[in-house]
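Undergrad: Sharing my_file_0.csv here; it has CSV, N, CA and C atoms.
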```
chain,number,residue,atom,x,y,z
Y,1227,TYR,N,5.9,-10.3,-3.8
Y,1227,TYR,CA,5.9,-9.0,-3.2
Y,1227,TYR,C,6.3,-7.9,-4.2
Y,1228,PHE,N,5.5,-6.9,-4.4
Y,1228,PHE,CA,5.9,-5.8,-5.2
Y,1228,PHE,C,5.4,-4.5,-4.6
Y,1229,SER,N,6.3,-3.5,-4.6
Y,1229,SER,CA,5.8,-2.2,-4.1
Y,1229,SER,C,6.4,-1.0,-4.8
Y,1230,VAL,N,5.7,0.1,-4.9
Y,1230,VAL,CA,6.2,1.3,-5.5
Y,1230,VAL,C,6.7,2.2,-4.3
Y,1231,GLY,N,7.9,2.5,-4.3
Y,1231,GLY,CA,8.5,3.4,-3.3
Y,1231,GLY,C,8.3,4.8,-3.6
Y,1232,GLN,N,9.4,5.5,-3.7
Y,1232,GLN,CA,9.5,6.9,-4.0
Y,1232,GLN,C,9.1,7.2,-5.4
Y,1233,VAL,N,8.3,8.3,-5.6
Y,1233,VAL,CA,8.0,8.8,-7.0
Y,1233,VAL,C,8.4,10.3,-7.0
Y,1234,ILE,N,9.3,10.7,-7.9
Y,1234,ILE,CA,9.7,12.1,-8.0
Y,1234,ILE,C,9.4,12.6,-9.4
Y,1235,TYR,N,9.4,13.9,-9.6
Y,1235,TYR,CA,9.1,14.5,-10.9
Y,1235,TYR,C,10.2,15.5,-11.2
Y,1236,GLY,N,10.5,15.6,-12.5
Y,1236,GLY,CA,11.5,16.6,-13.0
Y,1236,GLY,C,11.8,16.4,-14.4
Y,1237,ASP,N,12.2,17.4,-15.1
Y,1237,ASP,CA,12.5,17.2,-16.6
Y,1237,ASP,C,13.9,16.6,-16.7
Y,1238,LEU,N,14.0,15.4,-17.1
Y,1238,LEU,CA,15.3,14.7,-17.3
Y,1238,LEU,C,15.7,14.7,-18.8
Y,1239,ASN,N,14.7,14.6,-19.7
Y,1239,ASN,CA,15.1,14.5,-21.1
Y,1239,ASN,C,15.1,15.8,-21.8
Y,1240,GLY,N,14.9,17.0,-21.1
Y,1240,GLY,CA,15.0,18.3,-21.7
Y,1240,GLY,C,13.9,18.7,-22.6
Y,1241,ASP,N,12.7,18.1,-22.5
Y,1241,ASP,CA,11.6,18.5,-23.4
Y,1241,ASP,C,10.7,19.6,-22.8
Y,1242,GLY,N,11.1,20.0,-21.6
Y,1242,GLY,CA,10.3,21.1,-20.9
Y,1242,GLY,C,9.1,20.6,-20.1
Y,1243,GLN,N,8.9,19.2,-20.1
Y,1243,GLN,CA,7.8,18.6,-19.3
Y,1243,GLN,C,8.5,17.7,-18.2
Y,1244,ASP,N,7.8,17.7,-17.1
Y,1244,ASP,CA,8.3,16.8,-16.0
Y,1244,ASP,C,8.1,15.3,-16.4
Y,1245,ASP,N,9.1,14.6,-16.1
Y,1245,ASP,CA,9.1,13.1,-16.2
Y,1245,ASP,C,8.9,12.5,-14.8
Y,1246,ALA,N,8.4,11.3,-14.7
Y,1246,ALA,CA,8.2,10.7,-13.4
Y,1246,ALA,C,9.2,9.6,-13.2
Y,1247,VAL,N,9.9,9.7,-12.1
Y,1247,VAL,CA,10.9,8.7,-11.7
Y,1247,VAL,C,10.3,7.8,-10.6
Y,1248,VAL,N,10.2,6.5,-10.9
Y,1248,VAL,CA,9.5,5.6,-9.9
Y,1248,VAL,C,10.4,4.6,-9.4
Y,1249,GLN,N,10.6,4.5,-8.1
Y,1249,GLN,CA,11.5,3.5,-7.5
Y,1249,GLN,C,10.6,2.3,-7.1
Y,1250,THR,N,11.0,1.1,-7.5
Y,1250,THR,CA,10.1,-0.1,-7.2
Y,1250,THR,C,11.0,-1.2,-6.5
Y,1251,SER,N,10.3,-2.1,-5.8
Y,1251,SER,CA,11.0,-3.1,-5.1
Y,1251,SER,C,10.1,-4.4,-5.2
Y,1252,CYS,N,10.8,-5.5,-5.5
Y,1252,CYS,CA,10.0,-6.8,-5.6
Y,1252,CYS,C,10.9,-7.9,-5.0
Y,1253,GLY,N,10.2,-9.0,-4.6
Y,1253,GLY,CA,10.9,-10.1,-4.0
Y,1253,GLY,C,9.8,-11.1,-3.5
Y,1254,PRO,N,10.3,-12.3,-3.1
Y,1254,PRO,CA,9.4,-13.3,-2.6
Y,1254,PRO,C,8.8,-12.9,-1.2
Y,1255,ASN,N,7.6,-13.2,-1.0
Y,1255,ASN,CA,7.0,-12.9,0.3
Y,1255,ASN,C,7.7,-13.6,1.4
Y,1256,GLY,N,8.0,-12.9,2.5
Y,1256,GLY,CA,8.7,-13.4,3.6
Y,1256,GLY,C,10.2,-13.5,3.5
Y,1257,ALA,N,10.7,-13.2,2.4
Y,1257,ALA,CA,12.2,-13.3,2.2
Y,1257,ALA,C,12.8,-12.0,2.6
Y,1258,ASN,N,14.1,-12.1,3.0
Y,1258,ASN,CA,14.8,-10.9,3.4
Y,1258,ASN,C,15.7,-10.4,2.2
Y,1259,ALA,N,15.4,-10.8,1.0
Y,1259,ALA,CA,16.2,-10.3,-0.1
Y,1259,ALA,C,15.1,-9.8,-1.1
Y,1260,TRP,N,15.5,-8.7,-1.8
Y,1260,TRP,CA,14.6,-8.1,-2.8
Y,1260,TRP,C,15.4,-7.5,-3.9
Y,1261,TYR,N,14.7,-7.1,-5.0
Y,1261,TYR,CA,15.3,-6.6,-6.1
Y,1261,TYR,C,14.7,-5.2,-6.4
Y,1262,GLU,N,15.5,-4.2,-6.6
Y,1262,GLU,CA,15.0,-2.9,-6.8
Y,1262,GLU,C,15.3,-2.4,-8.2
Y,1263,GLU,N,14.4,-1.6,-8.8
Y,1263,GLU,CA,14.6,-1.0,-10.1
Y,1263,GLU,C,14.1,0.4,-10.0
Y,1264,VAL,N,14.6,1.3,-11.0
Y,1264,VAL,CA,14.1,2.6,-11.1
Y,1264,VAL,C,13.6,2.8,-12.5
Y,1265,PHE,N,12.4,3.2,-12.7
Y,1265,PHE,CA,11.7,3.5,-14.0
Y,1265,PHE,C,11.5,4.9,-14.2
Y,1266,VAL,N,11.8,5.4,-15.4
Y,1266,VAL,CA,11.5,6.8,-15.8
Y,1266,VAL,C,10.5,6.8,-16.9
Y,1267,PHE,N,9.4,7.6,-16.6
Y,1267,PHE,CA,8.3,7.7,-17.6
Y,1267,PHE,C,8.1,9.2,-18.0
Y,1268,THR,N,7.7,9.4,-19.3
Y,1268,THR,CA,7.3,10.7,-19.7
Y,1268,THR,C,5.8,10.6,-20.3
Y,1269,MET,N,5.2,11.7,-20.4
Y,1269,MET,CA,3.8,11.7,-21.0
Y,1269,MET,C,3.9,11.9,-22.5
Y,1270,SER,N,3.0,11.2,-23.2
Y,1270,SER,CA,2.9,11.4,-24.6
Y,1270,SER,C,1.4,11.5,-24.9
Y,1271,PRO,N,1.0,11.9,-26.1
Y,1271,PRO,CA,-0.5,12.0,-26.4
Y,1271,PRO,C,-1.3,10.7,-26.1
Y,1272,SER,N,-0.6,9.5,-26.2
Y,1272,SER,CA,-1.3,8.3,-25.9
Y,1272,SER,C,-1.2,7.8,-24.5
Y,1273,GLY,N,-0.5,8.6,-23.6
Y,1273,GLY,CA,-0.4,8.2,-22.2
Y,1273,GLY,C,1.1,8.1,-21.8
Y,1274,ALA,N,1.3,7.5,-20.6
Y,1274,ALA,CA,2.7,7.4,-20.1
Y,1274,ALA,C,3.5,6.5,-21.0
Y,1275,ARG,N,4.8,6.9,-21.2
Y,1275,ARG,CA,5.7,6.1,-22.1
Y,1275,ARG,C,7.0,5.9,-21.3
Y,1276,LEU,N,7.5,4.7,-21.3
Y,1276,LEU,CA,8.7,4.3,-20.5
Y,1276,LEU,C,9.9,4.9,-21.3
Y,1277,LEU,N,10.7,5.7,-20.6
Y,1277,LEU,CA,12.0,6.3,-21.1
Y,1277,LEU,C,13.2,5.4,-20.7
Y,1278,ALA,N,13.2,4.9,-19.5
Y,1278,ALA,CA,14.3,4.2,-19.0
Y,1278,ALA,C,14.0,3.2,-17.9
Y,1279,ARG,N,14.7,2.2,-17.8
Y,1279,ARG,CA,14.6,1.2,-16.7
Y,1279,ARG,C,16.0,0.9,-16.2
Y,1280,LEU,N,16.2,1.3,-15.0
Y,1280,LEU,CA,17.6,1.1,-14.4
Y,1280,LEU,C,17.5,0.0,-13.3
Y,1281,SER,N,18.4,-0.9,-13.4
Y,1281,SER,CA,18.6,-2.0,-12.4
Y,1281,SER,C,19.9,-1.8,-11.7
Y,1282,PRO,N,20.2,-2.6,-10.7
Y,1282,PRO,CA,21.4,-2.5,-10.0
Y,1282,PRO,C,22.7,-2.6,-10.9
Y,1283,SER,N,22.7,-3.3,-11.9
Y,1283,SER,CA,23.8,-3.4,-12.8
Y,1283,SER,C,24.1,-2.0,-13.5
Y,1284,ASP,N,23.0,-1.3,-13.7
Y,1284,ASP,CA,23.1,0.1,-14.3
Y,1284,ASP,C,23.7,1.1,-13.3
Y,1285,TRP,N,23.4,0.9,-12.0
Y,1285,TRP,CA,23.8,1.8,-11.0
Y,1285,TRP,C,25.3,1.9,-10.8
Y,1286,GLY,N,26.0,0.7,-11.0
Y,1286,GLY,CA,27.4,0.7,-10.8
Y,1286,GLY,C,28.0,-0.5,-10.2
Y,1287,GLU,N,27.3,-1.7,-10.5
Y,1287,GLU,CA,27.8,-2.9,-10.0
Y,1287,GLU,C,29.3,-3.1,-10.4
Y,1288,ASN,N,30.1,-3.5,-9.5
Y,1288,ASN,CA,31.5,-3.7,-9.7
Y,1288,ASN,C,32.4,-2.4,-9.8
Y,1289,ALA,N,31.7,-1.3,-9.8
Y,1289,ALA,CA,32.4,0.0,-9.7
Y,1289,ALA,C,32.8,0.2,-8.3
Y,1290,LEU,N,33.9,0.8,-8.0
Y,1290,LEU,CA,34.4,1.0,-6.7
Y,1290,LEU,C,34.6,-0.2,-5.9
Y,1291,GLY,N,34.7,-1.4,-6.6
Y,1291,GLY,CA,34.8,-2.7,-5.9
Y,1291,GLY,C,33.4,-3.1,-5.3
Y,1292,ILE,N,32.4,-2.5,-5.8
Y,1292,ILE,CA,31.0,-2.9,-5.4
Y,1292,ILE,C,30.7,-4.3,-5.9
Y,1293,THR,N,30.5,-5.2,-5.1
Y,1293,THR,CA,30.1,-6.5,-5.6
Y,1293,THR,C,28.7,-6.9,-5.0
Y,1294,TRP,N,28.2,-6.2,-4.1
Y,1294,TRP,CA,26.9,-6.5,-3.6
Y,1294,TRP,C,26.1,-5.2,-3.4
Y,1295,MET,N,25.0,-5.1,-4.0
Y,1295,MET,CA,24.1,-3.9,-3.8
Y,1295,MET,C,22.7,-4.4,-3.5
Y,1296,ILE,N,22.1,-3.8,-2.5
Y,1296,ILE,CA,20.8,-4.3,-2.2
Y,1296,ILE,C,19.6,-3.4,-2.4
Y,1297,THR,N,19.7,-2.2,-2.0
Y,1297,THR,CA,18.5,-1.4,-2.1
Y,1297,THR,C,18.8,0.1,-2.5
Y,1298,ALA,N,17.9,0.7,-3.2
Y,1298,ALA,CA,18.1,2.1,-3.6
Y,1298,ALA,C,17.2,2.9,-2.6
Y,1299,PRO,N,17.8,3.4,-1.5
Y,1299,PRO,CA,17.0,4.1,-0.5
Y,1299,PRO,C,16.6,5.5,-1.0
Y,1300,GLY,N,17.1,5.9,-2.1
Y,1300,GLY,CA,16.6,7.2,-2.5
Y,1300,GLY,C,17.0,7.6,-4.0
Y,1301,VAL,N,16.1,8.3,-4.6
Y,1301,VAL,CA,16.3,8.8,-5.9
Y,1301,VAL,C,16.0,10.3,-5.9
Y,1302,ARG,N,16.8,11.1,-6.6
Y,1302,ARG,CA,16.5,12.5,-6.7
Y,1302,ARG,C,17.0,13.1,-8.0
Y,1303,ILE,N,16.5,14.2,-8.3
Y,1303,ILE,CA,16.9,14.9,-9.5
Y,1303,ILE,C,17.7,16.2,-9.1
Y,1304,LYS,N,18.9,16.3,-9.6
Y,1304,LYS,CA,19.8,17.4,-9.2
Y,1304,LYS,C,20.5,17.9,-10.5
Y,1305,SER,N,20.4,19.1,-10.8
Y,1305,SER,CA,21.0,19.8,-11.9
Y,1305,SER,C,20.8,19.0,-13.2
Y,1306,ASP,N,19.5,18.6,-13.5
Y,1306,ASP,CA,19.1,17.9,-14.7
Y,1306,ASP,C,19.6,16.5,-14.7
Y,1307,CYS,N,20.1,16.0,-13.6
Y,1307,CYS,CA,20.6,14.6,-13.6
Y,1307,CYS,C,19.8,13.8,-12.6
Y,1308,LEU,N,19.7,12.5,-12.9
Y,1308,LEU,CA,19.1,11.6,-11.9
Y,1308,LEU,C,20.1,11.0,-11.0
Y,1309,VAL,N,19.9,11.0,-9.7
Y,1309,VAL,CA,20.9,10.5,-8.8
Y,1309,VAL,C,20.2,9.4,-8.0
Y,1310,VAL,N,20.8,8.2,-8.1
Y,1310,VAL,CA,20.3,7.0,-7.4
Y,1310,VAL,C,21.2,6.7,-6.3
Y,1311,SER,N,20.8,6.7,-5.0
Y,1311,SER,CA,21.6,6.3,-3.9
Y,1311,SER,C,21.3,4.8,-3.6
Y,1312,PHE,N,22.3,4.0,-3.2
Y,1312,PHE,CA,22.1,2.6,-2.9
Y,1312,PHE,C,23.0,2.1,-1.9
Y,1313,LEU,N,22.6,1.1,-1.1
Y,1313,LEU,CA,23.4,0.5,-0.1
Y,1313,LEU,C,24.3,-0.5,-0.8
Y,1314,ALA,N,25.5,-0.6,-0.4
Y,1314,ALA,CA,26.4,-1.5,-1.2
Y,1314,ALA,C,27.5,-2.1,-0.2
Y,1315,GLY,N,28.2,-3.1,-0.8
Y,1315,GLY,CA,29.3,-3.7,0.0
Y,1315,GLY,C,28.8,-4.6,1.1
Y,1316,GLY,N,29.6,-5.5,1.6
Y,1316,GLY,CA,29.2,-6.4,2.7
Y,1316,GLY,C,28.2,-7.4,2.2
Y,1317,SER,N,27.2,-7.6,3.0
Y,1317,SER,CA,26.1,-8.6,2.7
Y,1317,SER,C,24.8,-7.8,2.7
Y,1318,HIS,N,23.7,-8.5,2.3
Y,1318,HIS,CA,22.4,-7.8,2.3
Y,1318,HIS,C,22.0,-7.4,3.7
Y,1319,ALA,N,22.5,-8.2,4.7
Y,1319,ALA,CA,22.2,-7.9,6.1
Y,1319,ALA,C,23.0,-6.8,6.7
Y,1320,GLN,N,24.2,-6.6,6.2
Y,1320,GLN,CA,25.1,-5.6,6.7
Y,1320,GLN,C,25.9,-4.8,5.6
Y,1321,PRO,N,25.2,-3.9,4.9
Y,1321,PRO,CA,25.8,-3.2,3.9
Y,1321,PRO,C,26.9,-2.3,4.5
Y,1322,GLN,N,28.0,-2.0,3.7
Y,1322,GLN,CA,29.1,-1.3,4.2
Y,1322,GLN,C,29.1,0.2,3.9
Y,1323,TRP,N,28.4,0.6,2.9
Y,1323,TRP,CA,28.4,2.1,2.6
Y,1323,TRP,C,27.2,2.4,1.8
Y,1324,LEU,N,27.0,3.7,1.7
Y,1324,LEU,CA,26.0,4.3,0.8
Y,1324,LEU,C,26.7,4.9,-0.4
Y,1325,ALA,N,26.3,4.5,-1.6
Y,1325,ALA,CA,26.9,5.0,-2.8
Y,1325,ALA,C,25.9,5.7,-3.6
Y,1326,THR,N,26.4,6.4,-4.6
Y,1326,THR,CA,25.4,7.1,-5.5
Y,1326,THR,C,25.9,6.9,-7.0
Y,1327,ALA,N,24.9,6.8,-7.9
Y,1327,ALA,CA,25.2,6.8,-9.3
Y,1327,ALA,C,24.4,8.0,-9.9
Y,1328,VAL,N,25.1,8.7,-10.8
Y,1328,VAL,CA,24.5,9.8,-11.4
Y,1328,VAL,C,24.3,9.6,-12.9
Y,1329,PHE,N,23.1,9.9,-13.4
Y,1329,PHE,CA,22.8,9.7,-14.8
Y,1329,PHE,C,22.3,11.0,-15.5
Y,1330,HIS,N,22.7,11.1,-16.7
Y,1330,HIS,CA,22.3,12.3,-17.5
Y,1330,HIS,C,21.7,11.8,-18.8
Y,1331,TRP,N,20.7,12.5,-19.3
Y,1331,TRP,CA,20.0,12.2,-20.5
Y,1331,TRP,C,20.8,12.6,-21.7
Y,1332,GLU,N,21.2,11.6,-22.6
Y,1332,GLU,CA,22.0,11.9,-23.8
Y,1332,GLU,C,21.3,11.2,-24.9
Y,1333,GLY,N,20.9,12.0,-25.9
Y,1333,GLY,CA,20.2,11.5,-27.1
Y,1333,GLY,C,18.8,10.9,-26.8
Y,1334,ASN,N,18.7,9.6,-26.6
Y,1334,ASN,CA,17.5,9.0,-26.3
Y,1334,ASN,C,17.5,8.0,-25.1
Y,1335,HIS,N,18.6,8.2,-24.3
Y,1335,HIS,CA,18.6,7.3,-23.1
Y,1335,HIS,C,19.5,8.0,-22.0
Y,1336,LEU,N,19.3,7.4,-20.8
Y,1336,LEU,CA,20.1,7.8,-19.7
Y,1336,LEU,C,21.5,7.2,-19.7
Y,1337,VAL,N,22.5,8.0,-19.4
Y,1337,VAL,CA,23.9,7.5,-19.4
Y,1337,VAL,C,24.5,7.7,-18.0
Y,1338,ARG,N,25.1,6.7,-17.4
Y,1338,ARG,CA,25.7,6.9,-16.1
Y,1338,ARG,C,27.0,7.7,-16.3
Y,1339,ILE,N,27.0,8.9,-15.6
Y,1339,ILE,CA,28.2,9.7,-15.8
Y,1339,ILE,C,29.1,9.7,-14.5
Y,1340,GLY,N,28.7,9.0,-13.5
Y,1340,GLY,CA,29.5,8.9,-12.3
Y,1340,GLY,C,28.9,7.9,-11.3
Y,1341,VAL,N,29.8,7.4,-10.5
Y,1341,VAL,CA,29.4,6.6,-9.4
Y,1341,VAL,C,30.4,6.8,-8.3
Y,1342,GLY,N,29.9,6.9,-7.1
Y,1342,GLY,CA,30.8,7.3,-6.0
Y,1342,GLY,C,30.3,6.8,-4.7
Y,1343,GLN,N,31.3,6.8,-3.8
Y,1343,GLN,CA,30.9,6.4,-2.4
Y,1343,GLN,C,30.5,7.6,-1.7
Y,1344,GLU,N,29.3,7.6,-1.1
Y,1344,GLU,CA,28.8,8.8,-0.4
Y,1344,GLU,C,29.2,8.8,1.1
Y,1345,GLU,N,29.2,7.7,1.7
Y,1345,GLU,CA,29.5,7.6,3.1
Y,1345,GLU,C,30.1,6.3,3.5
Y,1346,ALA,N,31.3,6.3,4.1
Y,1346,ALA,CA,31.9,5.0,4.4
Y,1346,ALA,C,31.3,4.5,5.7
Y,1347,ARG,N,31.2,3.2,5.7
Y,1347,ARG,CA,30.8,2.5,6.9
Y,1347,ARG,C,29.5,3.0,7.6
Y,1348,LEU,N,28.4,2.5,7.1
Y,1348,LEU,CA,27.1,2.9,7.7
Y,1348,LEU,C,27.0,2.4,9.2
```
Will you turn the file into structure tokens for me?

TA:
Amino acid sequence: YFSVGQVIYGDLNGDGQDDAVVQTSCGPNGANAWYEEVFVFTMSPSGARLLARLSPSDWGENALGITWMITAPGVRIKSDCLVVSFLAGGSHAQPQWLATAVFHWEGNHLVRIGVGQEEARL
């Protein structure tokens, strides 16, 4: 199973052109567990070029005591930063909170500049 979820556009690398942020999900058919990643692409003369690939370990695994993260229900661009929201804590069937990781473009890659709990006890 593979699907493309949310796709958003905005200038993350400061070159004046919109980049594409693509949220994906994959897992075995019929399973109740899946793996999500976020890809960031920019356009070049030869076509789309991958700028960044963010997985759950990039979002903030083990930060704030997060030991289980399942899905990224949302990505957004705010103040030139990429914000990834994800369900965390508990089990994949009963996540405990919604958390966010904030990334900023520095040099030639995205750097996580913060991770925080957005909402306690979903």

Undergrad: Can you tell me which residues surround His1335 of chain Y at a distance of at most 7 Å, considering only C-alpha atoms, apart from same-chain residues fewer than 2 positions away, and format the answer as number ranges by chain?

TA: Y: 1277-1278, 1331-1333, 1337

Undergrad: Restrict the selected residues to N, CA and C atoms and save them as a tab-separated table (two decimals), in the coordinates of the input.

TA:
```tsv
chain	number	residue	atom	x	y	z
Y	1277	LEU	N	10.70	5.70	-20.60
Y	1277	LEU	CA	12.00	6.30	-21.10
Y	1277	LEU	C	13.20	5.40	-20.70
Y	1278	ALA	N	13.20	4.90	-19.50
Y	1278	ALA	CA	14.30	4.20	-19.00
Y	1278	ALA	C	14.00	3.20	-17.90
Y	1331	TRP	N	20.70	12.50	-19.30
Y	1331	TRP	CA	20.00	12.20	-20.50
Y	1331	TRP	C	20.80	12.60	-21.70
Y	1332	GLU	N	21.20	11.60	-22.60
Y	1332	GLU	CA	22.00	11.90	-23.80
Y	1332	GLU	C	21.30	11.20	-24.90
Y	1333	GLY	N	20.90	12.00	-25.90
Y	1333	GLY	CA	20.20	11.50	-27.10
Y	1333	GLY	C	18.80	10.90	-26.80
Y	1337	VAL	N	22.50	8.00	-19.40
Y	1337	VAL	CA	23.90	7.50	-19.40
Y	1337	VAL	C	24.50	7.70	-18.00
```

Undergrad: For Asn1239 of chain Y, which residue out of Y:Val1341, Y:Val1301, Y:Val1328, Y:Val1266 is the nearest one, using only C-alpha atoms?

TA: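 For Asn1239 of chain Y, the nearest of the candidates is Y:Val1266.
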
Undergrad: What is the atom CA of Gln1249 of chain Y-atom CA of Phe1265 of chain Y distance in Å, reported with one decimal?

TA: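 Interatomic distance, atom CA of Gln1249 of chain Y to atom CA of Phe1265 of chain Y: 6.5 Å.
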
Undergrad: Between Y:Ser1311, Y:Gln1243, Y:Asn1334, Y:Thr1250, which residue has the minimum interatomic distance to Phe1228 of chain Y, considering only C-alpha atoms?

TA: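 Using only C-alpha atoms, the shortest distance to Phe1228 of chain Y belongs to Y:Thr1250.
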
Undergrad: Between atom CA of Ala1325 of chain Y and atom CA of Arg1275 of chain Y, what is the distance in Å, rounded to a tenth?

TA: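 That distance, rounded to one decimal, is 28.7 Å.
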
Undergrad: Have a look at atom N of His1330 of chain Y and atom N of Ser1270 of chain Y and let me know their distance in Å, one decimal.

TA: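 These two atoms are separated by 20.7 Å.
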
Undergrad: So that I can check the surroundings of Thr1326 of chain Y, please list as an MDAnalysis selection string every protein, DNA and RNA residue that reaches within 6 Å of it, counting only N, CA and C atoms and ignoring chain neighbours fewer than 2 positions away.

TA: chainID Y and resid 1310:1312 1324 1328 1340:1344

Undergrad: Excluding Phe1329 of chain Y and any residue of its chain fewer than 4 positions from it, enumerate the residues within 6.5 Å of it, using all atoms listed in the file, and give them as a list in words.

TA: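 The neighbour list is Asp1306, Cys1307, Leu1308, Val1309, Val1310, Leu1336, Val1337, Arg1338, Ile1339 and Gly1340 of chain Y.
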
Undergrad: Just asking: which residues within segment 1231-1291 of chain Y are alpha helix (DSSP H) according to DSSP, as a list in words?

TA: Pro1282, Ser1283, Asp1284 and Trp1285 of chain Y

Undergrad: Near Ser1251 of chain Y, counting only N, CA and C atoms, which residues have an atom at most 7 Å away, once you skip same-chain residues fewer than 4 positions from it, shown as a list in words?

TA: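 The residues that qualify are Tyr1227, Phe1228, Ser1229, Val1230, Gly1231, Trp1260, Tyr1261, Glu1262 and Glu1263 of chain Y.
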